[in-house]
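Scroll down for the structure; my scribbles are underneath it.
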Amino acid sequence: MVMTRTAAITLKGTPTDLAGPELRVGDAAPDFILQNNALEEVSQNSFVGKTLIIATVPSLDTPVCHAETKKFNEQALDLANVEVLVVSTDLPFGQKRWCGSEGVDNVTTLSAHRSTKFGVDYGVLISSGPLDCCLARAIFVVNPEGKLAYIEYVKEVAEHPNYDAALSAAKG
């Protein structure tokens, strides 16, 4: 049975439920299997020895998600031994098209469209309202040992995360 957190976030002021636990700094980052733009499976083990910034977003085709991904794409150039992953439920074809049209090539977009497991394990699966089955906006920084070093569940889906805090945590 999947745990649901009621009113954990809002969408334009309306309380929205999330499925899964609220992760804590120091927890082991849940492993995942997601799909990249080449339709290959990617897991946490694909990035062994690196710090990960995992940004979850509802869809690259929304203004805040668009701006967030572009911002991380720009910042990724200054991050040594850090991989930035942007995860949504957009299809890999759409992610590839979006990245190509926007010149985004410093972050890795990954799709959670095949299963709700990633969203539930990270506590970001929206489980009510108009974005049901999309991912909430959140940032997770995973250190090279696989532990969560920083977590932000953005309280309002339509707002930006704290970029400076996430980037600072990734730098170490």
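By order of appearance in the structure tokens: chains A, B, ..., then residues from 1 within every chain, and ligands from 1 in the order shown.
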
Can you tell me which residues surround A:Asn73 at a distance of at most 10 Å, considering only C-alpha atoms, apart from same-chain residues fewer than 6 positions away, and format the answer as a CSV table (one decimal) with all heavy atoms, in the first residue's frame?
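That gives us result_32.csv:
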```csv
chain,number,residue,atom,x,y,z
A,67,ALA,N,12.1,27.1,-17.4
A,67,ALA,CA,13.1,28.0,-16.8
A,67,ALA,C,14.1,27.3,-15.9
A,67,ALA,O,15.3,27.5,-15.9
A,67,ALA,CB,12.4,29.2,-16.1
A,84,VAL,N,23.6,16.6,-13.4
A,84,VAL,CA,22.3,17.2,-13.1
A,84,VAL,C,21.3,16.4,-13.9
A,84,VAL,O,21.4,16.2,-15.2
A,84,VAL,CB,22.2,18.7,-13.5
A,84,VAL,CG1,20.8,19.2,-13.3
A,84,VAL,CG2,23.3,19.5,-12.8
A,85,LEU,N,20.3,15.8,-13.2
A,85,LEU,CA,19.3,15.0,-13.8
A,85,LEU,C,18.0,15.7,-13.7
A,85,LEU,O,17.6,16.1,-12.5
A,85,LEU,CB,19.2,13.6,-13.2
A,85,LEU,CG,20.5,12.8,-13.0
A,85,LEU,CD1,20.2,11.5,-12.2
A,85,LEU,CD2,21.2,12.6,-14.3
A,86,VAL,N,17.2,15.9,-14.7
A,86,VAL,CA,15.9,16.5,-14.7
A,86,VAL,C,14.9,15.4,-15.0
A,86,VAL,O,15.0,14.8,-16.1
A,86,VAL,CB,15.8,17.7,-15.6
A,86,VAL,CG1,14.3,18.3,-15.6
A,86,VAL,CG2,16.8,18.8,-15.2
A,103,GLY,N,18.5,24.0,-26.9
A,103,GLY,CA,20.0,23.9,-26.7
A,103,GLY,C,20.5,23.4,-25.4
A,103,GLY,O,21.5,23.8,-24.9
A,104,VAL,N,19.7,22.6,-24.8
A,104,VAL,CA,20.0,22.0,-23.4
A,104,VAL,C,20.8,20.7,-23.6
A,104,VAL,O,20.3,19.7,-24.1
A,104,VAL,CB,18.7,21.8,-22.6
A,104,VAL,CG1,19.0,21.0,-21.4
A,104,VAL,CG2,18.0,23.1,-22.3
A,105,ASP,N,22.1,20.8,-23.3
A,105,ASP,CA,22.9,19.6,-23.4
A,105,ASP,C,23.9,19.4,-22.2
A,105,ASP,O,24.7,18.5,-22.3
A,105,ASP,CB,23.7,19.7,-24.7
A,105,ASP,CG,24.5,20.9,-24.9
A,105,ASP,OD1,24.6,21.7,-23.9
A,105,ASP,OD2,25.1,21.2,-26.0
A,106,ASN,N,23.7,20.2,-21.1
A,106,ASN,CA,24.6,20.0,-20.0
A,106,ASN,C,23.8,19.3,-18.8
A,106,ASN,O,24.4,19.0,-17.8
A,106,ASN,CB,25.1,21.3,-19.5
A,106,ASN,CG,25.9,22.0,-20.5
A,106,ASN,OD1,26.7,21.4,-21.2
A,106,ASN,ND2,25.7,23.3,-20.7
A,107,VAL,N,22.6,19.0,-19.0
A,107,VAL,CA,21.8,18.2,-18.0
A,107,VAL,C,21.3,17.0,-18.7
A,107,VAL,O,21.2,16.9,-20.0
A,107,VAL,CB,20.6,19.0,-17.4
A,107,VAL,CG1,21.1,20.2,-16.7
A,107,VAL,CG2,19.5,19.3,-18.4
A,108,THR,N,21.0,15.9,-18.0
A,108,THR,CA,20.4,14.7,-18.5
A,108,THR,C,18.9,14.7,-18.2
A,108,THR,O,18.6,14.8,-17.0
A,108,THR,CB,21.1,13.5,-17.9
A,108,THR,OG1,22.5,13.5,-18.3
A,108,THR,CG2,20.5,12.2,-18.5
```

Contact residues around A:Ile126 with only C-alpha atoms at 8 Å, ignoring same-chain residues under 6 positions, as an NGL selection string: :A and (16-19 or 132-136)

So which bits of stretch 68-163 of chain A end up strand (DSSP E or B) when you DSSP the backbone, as number ranges by chain? A: 82-88, 108-111, 125-126, 135, 138-142, 147-153, 156

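Interatomic distance, atom CA of A:Asn45 to atom CA of A:Glu145: 10.9 Å.
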
Could you please write out, as an MDAnalysis selection string, every residue of stretch 22-113 of chain A that DSSP assigns to helix (DSSP H, G or I)? chainID A and resid 44:47 63:78 92:102

Residue neighbourhood A:Leu91, 10 Å, only C-alpha atoms, exclusion window fewer than 5 positions, as a list in words: Gln35, Asn36, Asn37, Leu39, Ser59, Lys96, Leu110, Ser111, Ala112, His113 and Arg114 of chain A

Deliver the residues from the most recent selection as a file, using all heavy atoms, as a CSV table (one decimal), in the first residue's frame.
```csv
chain,number,residue,atom,x,y,z
A,35,GLN,N,14.2,6.2,-18.0
A,35,GLN,CA,14.5,6.1,-19.4
A,35,GLN,C,15.1,7.4,-19.9
A,35,GLN,O,14.5,8.5,-19.7
A,35,GLN,CB,13.2,5.7,-20.2
A,35,GLN,CG,13.5,5.1,-21.6
A,35,GLN,CD,12.2,4.6,-22.2
A,35,GLN,OE1,11.2,5.1,-22.1
A,35,GLN,NE2,12.4,3.5,-23.0
A,36,ASN,N,16.2,7.3,-20.7
A,36,ASN,CA,16.8,8.5,-21.2
A,36,ASN,C,16.3,8.8,-22.6
A,36,ASN,O,15.4,8.0,-23.1
A,36,ASN,CB,18.3,8.4,-21.2
A,36,ASN,CG,18.9,7.4,-22.1
A,36,ASN,OD1,18.3,6.9,-23.0
A,36,ASN,ND2,20.2,7.1,-21.9
A,37,ASN,N,16.8,9.8,-23.3
A,37,ASN,CA,16.3,10.2,-24.6
A,37,ASN,C,16.6,9.2,-25.7
A,37,ASN,O,16.1,9.3,-26.8
A,37,ASN,CB,16.9,11.6,-25.0
A,37,ASN,CG,16.4,12.7,-24.0
A,37,ASN,OD1,15.4,12.5,-23.3
A,37,ASN,ND2,17.0,13.9,-24.1
A,39,LEU,N,16.1,6.1,-25.2
A,39,LEU,CA,15.3,5.0,-24.8
A,39,LEU,C,16.0,3.9,-24.0
A,39,LEU,O,15.6,2.8,-24.0
A,39,LEU,CB,14.5,4.4,-26.0
A,39,LEU,CG,13.7,5.4,-26.8
A,39,LEU,CD1,13.0,4.7,-28.0
A,39,LEU,CD2,12.6,6.1,-25.9
A,59,SER,N,6.5,18.9,-16.0
A,59,SER,CA,6.6,18.8,-17.5
A,59,SER,C,7.5,19.9,-18.0
A,59,SER,O,7.4,21.1,-17.6
A,59,SER,CB,5.3,18.9,-18.2
A,59,SER,OG,5.5,18.9,-19.6
A,96,LYS,N,13.6,14.8,-25.7
A,96,LYS,CA,14.7,15.0,-26.7
A,96,LYS,C,14.4,16.2,-27.6
A,96,LYS,O,15.3,17.0,-27.9
A,96,LYS,CB,14.8,13.7,-27.5
A,96,LYS,CG,16.0,13.7,-28.5
A,96,LYS,CD,16.1,12.4,-29.2
A,96,LYS,CE,17.3,12.4,-30.1
A,96,LYS,NZ,17.5,11.1,-30.8
A,110,LEU,N,15.5,12.7,-17.9
A,110,LEU,CA,15.1,11.3,-17.7
A,110,LEU,C,13.6,11.2,-17.6
A,110,LEU,O,13.0,12.1,-17.0
A,110,LEU,CB,15.8,10.6,-16.5
A,110,LEU,CG,17.3,10.5,-16.6
A,110,LEU,CD1,17.9,10.1,-15.2
A,110,LEU,CD2,17.7,9.6,-17.7
A,111,SER,N,13.0,10.2,-18.1
A,111,SER,CA,11.5,10.0,-18.1
A,111,SER,C,11.1,8.9,-17.1
A,111,SER,O,11.6,7.8,-17.1
A,111,SER,CB,11.0,9.7,-19.5
A,111,SER,OG,9.6,9.5,-19.4
A,112,ALA,N,10.1,9.3,-16.3
A,112,ALA,CA,9.5,8.3,-15.4
A,112,ALA,C,8.1,7.8,-15.9
A,112,ALA,O,7.3,7.4,-15.1
A,112,ALA,CB,9.3,9.0,-14.0
A,113,HIS,N,8.0,7.9,-17.2
A,113,HIS,CA,6.6,7.6,-17.8
A,113,HIS,C,6.3,6.1,-17.7
A,113,HIS,O,5.1,5.8,-17.8
A,113,HIS,CB,6.6,8.0,-19.3
A,113,HIS,CG,7.3,7.1,-20.2
A,113,HIS,ND1,6.6,6.2,-20.9
A,113,HIS,CD2,8.6,7.0,-20.5
A,113,HIS,CE1,7.5,5.5,-21.7
A,113,HIS,NE2,8.7,6.0,-21.4
A,114,ARG,N,7.2,5.2,-17.5
A,114,ARG,CA,6.9,3.8,-17.5
A,114,ARG,C,6.3,3.2,-16.3
A,114,ARG,O,5.7,2.2,-16.2
A,114,ARG,CB,8.2,3.0,-17.8
A,114,ARG,CG,8.7,3.1,-19.2
A,114,ARG,CD,10.0,2.5,-19.2
A,114,ARG,NE,10.2,1.7,-20.5
A,114,ARG,CZ,11.4,1.1,-20.7
A,114,ARG,NH1,12.3,1.1,-19.8
A,114,ARG,NH2,11.5,0.4,-21.8
```

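Shortest atom-to-atom contact with A:Gly123 among A:Ile139, A:Leu60, A:Ala8, A:Leu23: A:Leu23, counting only C-alpha atoms.
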
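Of the listed residues (A:Pro144, A:Phe72, A:Leu79, A:Glu102), A:Phe72 comes nearest to A:Asn162; the distances count only C-alpha atoms.
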
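By chain and then residue number, the residues within 10 Å of A:Lys155 are Ala7, Ala8, Ile9, Thr10, Leu11, Gly13, Pro15, Thr16, Ala136, Arg137, Ala138, Glu159, His160 and Pro161 of chain A, counting only C-alpha atoms and disregarding those fewer than 4 positions away in sequence.
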
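Of the listed residues A:Thr89, A:Asn81, A:Thr62, A:Ser128, the one whose atoms come nearest to A:Val48 is A:Asn81, with distances taken using only C-alpha atoms.
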
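When atom CA of A:Glu156 is paired with atom CA of A:Thr109, their separation reads 22.1 Å.
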
Give me the residues near A:Phe140 as a PDB file with N, CA and C atoms, in the first residue's frame, where near means some atom within 9 Å (using only C-alpha atoms) and where sequence neighbours in that chain fewer than 6 positions away do not count.
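See out_17.pdb below for the written result:
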```pdb
ATOM      1  N   ALA A  29      19.629   7.418  -0.881  1.00  0.00           N
ATOM      2  CA  ALA A  29      18.786   7.792  -2.017  1.00  0.00           C
ATOM      3  C   ALA A  29      18.200   6.523  -2.626  1.00  0.00           C
ATOM      4  N   LEU A  52      24.933  13.858  -7.525  1.00  0.00           N
ATOM      5  CA  LEU A  52      23.774  14.043  -8.400  1.00  0.00           C
ATOM      6  C   LEU A  52      22.898  15.165  -7.882  1.00  0.00           C
ATOM      7  N   ILE A  53      22.463  16.013  -8.786  1.00  0.00           N
ATOM      8  CA  ILE A  53      21.343  16.905  -8.513  1.00  0.00           C
ATOM      9  C   ILE A  53      20.187  16.304  -9.290  1.00  0.00           C
ATOM     10  N   ILE A  54      19.169  15.855  -8.584  1.00  0.00           N
ATOM     11  CA  ILE A  54      17.978  15.302  -9.225  1.00  0.00           C
ATOM     12  C   ILE A  54      16.866  16.328  -9.049  1.00  0.00           C
ATOM     13  N   ALA A  55      16.460  16.935 -10.153  1.00  0.00           N
ATOM     14  CA  ALA A  55      15.372  17.907 -10.141  1.00  0.00           C
ATOM     15  C   ALA A  55      14.152  17.230 -10.738  1.00  0.00           C
ATOM     16  N   THR A  56      13.088  17.110  -9.967  1.00  0.00           N
ATOM     17  CA  THR A  56      11.848  16.552 -10.499  1.00  0.00           C
ATOM     18  C   THR A  56      10.918  17.699 -10.850  1.00  0.00           C
ATOM     19  N   TYR A 122      10.536   8.538  -4.194  1.00  0.00           N
ATOM     20  CA  TYR A 122      11.071   9.861  -3.846  1.00  0.00           C
ATOM     21  C   TYR A 122      10.015  10.771  -3.214  1.00  0.00           C
ATOM     22  N   LEU A 148      21.406  11.187   0.672  1.00  0.00           N
ATOM     23  CA  LEU A 148      20.772  12.464   0.376  1.00  0.00           C
ATOM     24  C   LEU A 148      21.424  13.561   1.217  1.00  0.00           C
ATOM     25  N   ALA A 149      22.003  14.546   0.536  1.00  0.00           N
ATOM     26  CA  ALA A 149      22.705  15.638   1.200  1.00  0.00           C
ATOM     27  C   ALA A 149      21.846  16.899   1.274  1.00  0.00           C
ATOM     28  N   TYR A 150      20.837  16.980   0.425  1.00  0.00           N
ATOM     29  CA  TYR A 150      19.955  18.153   0.388  1.00  0.00           C
ATOM     30  C   TYR A 150      18.630  17.718  -0.226  1.00  0.00           C
ATOM     31  N   ILE A 151      17.537  18.237   0.333  1.00  0.00           N
ATOM     32  CA  ILE A 151      16.200  17.938  -0.192  1.00  0.00           C
ATOM     33  C   ILE A 151      15.357  19.198  -0.096  1.00  0.00           C
ATOM     34  N   GLU A 152      14.661  19.494  -1.180  1.00  0.00           N
ATOM     35  CA  GLU A 152      13.652  20.549  -1.146  1.00  0.00           C
ATOM     36  C   GLU A 152      12.419  20.059  -1.893  1.00  0.00           C
ATOM     37  N   TYR A 153      11.326  19.906  -1.171  1.00  0.00           N
ATOM     38  CA  TYR A 153      10.022  19.670  -1.788  1.00  0.00           C
ATOM     39  C   TYR A 153       9.408  21.060  -1.931  1.00  0.00           C
ATOM     40  N   ALA A 166      20.573  24.412  -3.463  1.00  0.00           N
ATOM     41  CA  ALA A 166      20.847  23.129  -4.120  1.00  0.00           C
ATOM     42  C   ALA A 166      22.239  23.102  -4.726  1.00  0.00           C
TER      43      ALA A 166
END
```

Identify, on the basis of only C-alpha atoms, every residue whose closest approach to A:Ala170 does not exceed 7 Å; exclude the query and any residue fewer than 2 positions from it along the same chain; express the result as a ChimeraX atom specification. /A:51,53,141,166-168,172

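Comparing A:Val82, A:Asp164, A:Gly146, A:Val157 by their smallest distance to A:Gln44, the closest is A:Gly146 (using only C-alpha atoms).
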
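Of the listed residues A:Ser88, A:Glu40, A:Thr69, A:Phe47, the one whose atoms come nearest to A:Ser115 is A:Ser88, with distances taken using only C-alpha atoms.
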
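Distances here use only C-alpha atoms; by that measure, the residue among A:Thr116, A:Ser101, A:Ala80, A:Asn143 closest to A:Asp27 is A:Asn143.
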
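Across the structure, atom CA of A:Ser127 and atom CA of A:Ala165 are spaced 27.3 Å apart.
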
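Residues in contact with A:Asp121 at 8 Å, where only C-alpha atoms are counted and same-chain residues fewer than 5 positions away are skipped, are listed as A:Gly20, A:Pro21, A:Pro30.
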